[in-house]
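Contents: one structure, followed by commentary.
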Amino acid sequence: MADVNRDDVNKDKDKNITGTENIAETITRTKNIAETKNIVEIKDLKKSYEKGHIKALNGIDLEIKEGEFVSIIGPSGSGKSTLLNMLGALDIADSGIINVAGYDLTKNKKLDEFRSKKIGFIFQLHNLIPNISVVENVEIPMFEGKLSGKERRDLALELLDIVGLKDKSNNKPTKLSGGERQRIAIARALANEPSIILADEPTGSLDSRTSKKILEQLNKLHKEKNVTLIMVTHDMNVAKLADRVIEVLDGKILNSTDNSLLDDNIDIKS
Ligand SMILES: Nc1ncnc2c1ncn2[C@@H]1O[C@H](COP(=O)(O)OP(=O)(O)OP(=O)(O)O)[C@@H](O)[C@H]1O
Ligand SMILES: [Mg+2]
């Protein structure tokens with residue numbers, strides 16, 4: 001399972017990656033992504049609530065490449081969280097096809113295994129457990145695996161070091177700021193070395209300086225670990241950090257725009 005030796009994670013630690021990648025690098029990345037295989041394949045996915053009156057997803061077709069960073073943007077109620085919940089098998093679709101990281105999520109089989117092995121979740125309400133320490137919160141997803149108590153602790157401390165919170169490892173989450181709690185949620189999302197990180201408004205409640213730090217952290221981890229990152233956001237400036245921006249409206253995908261084309265073509269109204 002988890003690879004405890006993560007020295008490689010630290011090697012670019014001081015490099016400011018977010019927003020500073022030049023055009024040549026972006027083109028190379030886009031080219032590399034185009035040559036890799038899909039980690040997400042969705043066809044005509046539908047999900048309704050209230051006995052069919054609310055069509056939260058109304059025929060989604062979507063492919064996402066392994067290692068891609070995708071933002072999902074759109075007005076409130078357009079279906080962004082519903083789509084993210086489907087991708088993480090937190091909810092089951094009414095019809096359509098959804099394959100994620102080799103799992104057929106419509107089959108309703110091995111969904112616990114899928115969630116614990118393949119997915120790291122980061123939500124705006126980060127669901128930290130208040131009465132245990134920061135480091136213990138990060139260890140929670142590791143209990144599914146085969147690590148010893150010491151290995152779990154060492155790995156949790158390494159992850160906290162990556163997000164700059166090693167010195168707070170023995171604090172209770174209630175003693176920390178919103179941004180610090182969000183960084184713990186990132187460390188915890190990485191604990192099982194997931195293939196995909198699903199983030200729903202990860203910076204929604206944070207000030208712009210803290211948001212920037214969180215996004216730098218996510219982007220850095222995505223690039224260094226080649227984790228596929230799928231992030232819902234209302235903020236176009238945040239969305240633009242991704243390789244591709246997907247705009248959702250009324251449960252359907254309206255646009256899918258590569259980063260290099262964003263400024264010219266996209267017209268987001270959220
Ligand atoms: N559990 C539920 N029961 C009934 N309706 C729901 C449920 N979850 C979502 N909906 C409805 O489905 C639609 C899509 O909701 P969703 O949460 O996906 O929107 P969203 O794009 O994430 O919005 P926001 O930006 O406000 O978070 C909305 O009309 C919402 O009210
Ligand atoms: Mg939402």
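A note on labels: chains of the structure tokens are A, B, ... as shown, every chain counts residues from 1, and ligands are counted from 1 in their shown order.
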
**Report entry** Contacts of range 129-141 of chain A at 7 Å (only C-alpha atoms; same-chain gap of 3+ positions) as an NGL selection string
**Finding:** :A and (144 or 152-153 or 156-157 or 169-174 or 184 or 187-188 or 191-192)

Query raised in the report: Which protein, DNA or RNA residues have an atom within 7 Å of ligand 2, counting only C-alpha atoms and all ligand atoms, as an MDAnalysis selection string?
Result: chainID A and resid 76:77 80:81 200

Query raised in the report: When you draw a straight line from CA of Lys46 in chain A to CA of Ile97 in chain A, how long is it in Å?
Result: 9.2 Å

Apply DSSP to the structure's backbone, then extract all residues of range 69-195 of chain A labelled helix (DSSP H, G or I) and return them as a JSON list (two decimals) with C-alpha atoms, in the first residue's frame.
[["chain", "number", "residue", "atom", "x", "y", "z"],
["A", 80, "LYS", "CA", -21.70, 20.11, -9.74],
["A", 81, "SER", "CA", -21.78, 18.42, -6.34],
["A", 82, "THR", "CA", -24.11, 15.71, -7.61],
["A", 83, "LEU", "CA", -21.58, 14.92, -10.34],
["A", 84, "LEU", "CA", -18.70, 14.88, -7.84],
["A", 85, "ASN", "CA", -20.70, 12.61, -5.53],
["A", 86, "MET", "CA", -21.26, 10.20, -8.42],
["A", 87, "LEU", "CA", -17.53, 10.21, -9.22],
["A", 111, "LEU", "CA", -17.91, 0.55, -3.69],
["A", 112, "ASP", "CA", -16.35, 0.66, -0.21],
["A", 113, "GLU", "CA", -13.12, -0.71, -1.64],
["A", 114, "PHE", "CA", -13.26, 1.84, -4.46],
["A", 115, "ARG", "CA", -13.80, 4.76, -2.08],
["A", 116, "SER", "CA", -11.09, 3.75, 0.37],
["A", 117, "LYS", "CA", -8.44, 2.77, -2.21],
["A", 118, "LYS", "CA", -8.97, 5.12, -5.12],
["A", 134, "VAL", "CA", -4.57, 16.51, 13.96],
["A", 135, "VAL", "CA", -2.19, 13.60, 13.29],
["A", 136, "GLU", "CA", -4.84, 11.06, 14.34],
["A", 137, "ASN", "CA", -7.31, 12.65, 11.91],
["A", 138, "VAL", "CA", -4.82, 12.18, 9.07],
["A", 139, "GLU", "CA", -4.32, 8.52, 10.07],
["A", 140, "ILE", "CA", -8.02, 7.61, 9.80],
["A", 141, "PRO", "CA", -8.07, 6.44, 6.15],
["A", 142, "MET", "CA", -4.95, 4.33, 6.76],
["A", 143, "PHE", "CA", -6.75, 1.90, 9.05],
["A", 144, "GLU", "CA", -8.14, 0.16, 5.96],
["A", 149, "GLY", "CA", 0.89, 1.85, 14.02],
["A", 150, "LYS", "CA", 4.36, 3.37, 13.67],
["A", 151, "GLU", "CA", 4.19, 3.40, 9.86],
["A", 152, "ARG", "CA", 0.80, 5.10, 10.01],
["A", 153, "ARG", "CA", 2.13, 7.75, 12.37],
["A", 154, "ASP", "CA", 5.28, 8.36, 10.29],
["A", 155, "LEU", "CA", 3.30, 8.70, 7.08],
["A", 156, "ALA", "CA", 0.74, 11.02, 8.69],
["A", 157, "LEU", "CA", 3.57, 13.24, 9.95],
["A", 158, "GLU", "CA", 5.15, 13.30, 6.48],
["A", 159, "LEU", "CA", 1.83, 14.35, 4.95],
["A", 160, "LEU", "CA", 1.40, 17.06, 7.58],
["A", 161, "ASP", "CA", 4.91, 18.24, 6.79],
["A", 162, "ILE", "CA", 3.96, 18.52, 3.11],
["A", 166, "LYS", "CA", 3.77, 19.12, 11.23],
["A", 167, "ASP", "CA", 4.26, 21.41, 14.21],
["A", 168, "LYS", "CA", 0.49, 21.34, 14.89],
["A", 173, "PRO", "CA", -8.59, 20.61, 14.96],
["A", 174, "THR", "CA", -10.84, 22.96, 16.94],
["A", 175, "LYS", "CA", -7.75, 25.01, 17.85],
["A", 178, "GLY", "CA", -10.18, 27.36, 8.64],
["A", 179, "GLY", "CA", -7.21, 27.29, 6.26],
["A", 180, "GLU", "CA", -5.22, 25.04, 8.56],
["A", 181, "ARG", "CA", -8.17, 22.65, 8.86],
["A", 182, "GLN", "CA", -8.49, 22.59, 5.10],
["A", 183, "ARG", "CA", -4.82, 21.68, 4.80],
["A", 184, "ILE", "CA", -5.35, 18.81, 7.25],
["A", 185, "ALA", "CA", -8.20, 17.64, 5.02],
["A", 186, "ILE", "CA", -5.76, 17.67, 2.09],
["A", 187, "ALA", "CA", -3.20, 15.62, 4.06],
["A", 188, "ARG", "CA", -5.95, 13.18, 5.03],
["A", 189, "ALA", "CA", -7.18, 12.94, 1.43]]

Query raised in the report: Which polymer residues have any atom within 8 Å of an atom of Met236 in chain A, counting only C-alpha atoms, with same-chain residues fewer than 3 positions away left out, as a PyMOL selection string?
Result: chain A and resi 73+233+239-240+268

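Reported to one decimal place, the separation of CA of Leu215 in chain A from CA of Lys43 in chain A is 29.7 Å.
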
Write out as a tab-separated table a residue-level contact list of range 13-122 of chain A versus range 248-259 of chain A with cut-off 10 Å: for each qualifying residue the closest pair of atoms and the distance in Å to one decimal, counting only C-alpha atoms, rows sorted by chain and residue number upward.
residue	atom	partner	partner_atom	distance
A:Thr26	CA	A:Asn259	CA	8.3
A:Ile27	CA	A:Asn259	CA	9.6
A:Thr30	CA	A:Asp258	CA	8.4
A:Asp44	CA	A:Lys252	CA	9.5
A:Leu45	CA	A:Lys252	CA	9.4
A:Lys46	CA	A:Gly251	CA	8.3
A:Lys47	CA	A:Gly251	CA	8.7
A:Ser48	CA	A:Gly251	CA	9.6
A:Ile54	CA	A:Gly251	CA	9.7
A:Lys55	CA	A:Gly251	CA	6.7
A:Ala56	CA	A:Gly251	CA	5.2
A:Leu57	CA	A:Gly251	CA	3.9
A:Asn58	CA	A:Gly251	CA	4.8
A:Gly59	CA	A:Lys252	CA	6.1
A:Ile60	CA	A:Lys252	CA	5.5
A:Asp61	CA	A:Ile253	CA	7.4
A:Leu62	CA	A:Ile253	CA	8.2
A:Val70	CA	A:Asp258	CA	9.3
A:Ser71	CA	A:Ser256	CA	9.6
A:Ile72	CA	A:Val248	CA	7.0
A:Ile73	CA	A:Val248	CA	6.2
A:Gly74	CA	A:Val248	CA	5.0
A:Pro75	CA	A:Leu249	CA	6.9
A:Ser76	CA	A:Leu249	CA	9.2
A:Gly77	CA	A:Asp250	CA	7.6
A:Ser78	CA	A:Asp250	CA	4.8
A:Gly79	CA	A:Gly251	CA	5.1
A:Lys80	CA	A:Val248	CA	6.8
A:Thr82	CA	A:Gly251	CA	8.9
A:Leu83	CA	A:Gly251	CA	8.6

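Pairwise distance (CA of Arg209 in chain A, CA of Leu165 in chain A) equals 16.7 Å.
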
Report task. Could you check which of A:His234, A:Lys107, A:Arg244, A:Lys65 is closest to ligand 1, using only C-alpha atoms and all ligand atoms? Result ->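 Smallest separation from ligand 1 among the options: A:His234.
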
Report task. If you run DSSP over the backbone, which residues in range 39-263 of chain A end up strand (DSSP E or B)? Put them as a VMD selection string. Result -> chain A and resid 39 to 49 54 to 65 69 to 73 95 to 100 103 to 104 119 to 123 196 to 200 228 to 232 244 to 249 252 to 258

Report task. Determine the nearest neighbour of ligand 1 from the options A:Leu221, A:Met231, A:Val100, A:Ile42, counting only C-alpha atoms and all ligand atoms. Result -> A:Met231

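Counting only C-alpha atoms, the residue from A:Gly88, A:Leu176, A:Val238, A:Leu229 that sits nearest to Phe69 in chain A is A:Leu229.
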
Query raised in the report: Of the residues A:Val232, A:Lys37, A:Asp243, A:Glu193, which is the one nearest to ligand 1, using only C-alpha atoms and all ligand atoms?
Result: A:Val232

Query raised in the report: Which residue gives the smallest distance to ligand 1 among A:Leu128, A:Asp235, A:Leu147, A:Lys213, with only C-alpha atoms and all ligand atoms counted?
Result: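 Looking only at the distances to ligand 1, the closest residue turns out to be A:Asp235.
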
Report task. Find, counting only C-alpha atoms and all ligand atoms, the residue in A:Glu41, A:Glu247, A:Glu50, A:Asp91 that gets nearest to ligand 1. Result ->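 The answer is A:Glu50, which sits nearest to ligand 1.
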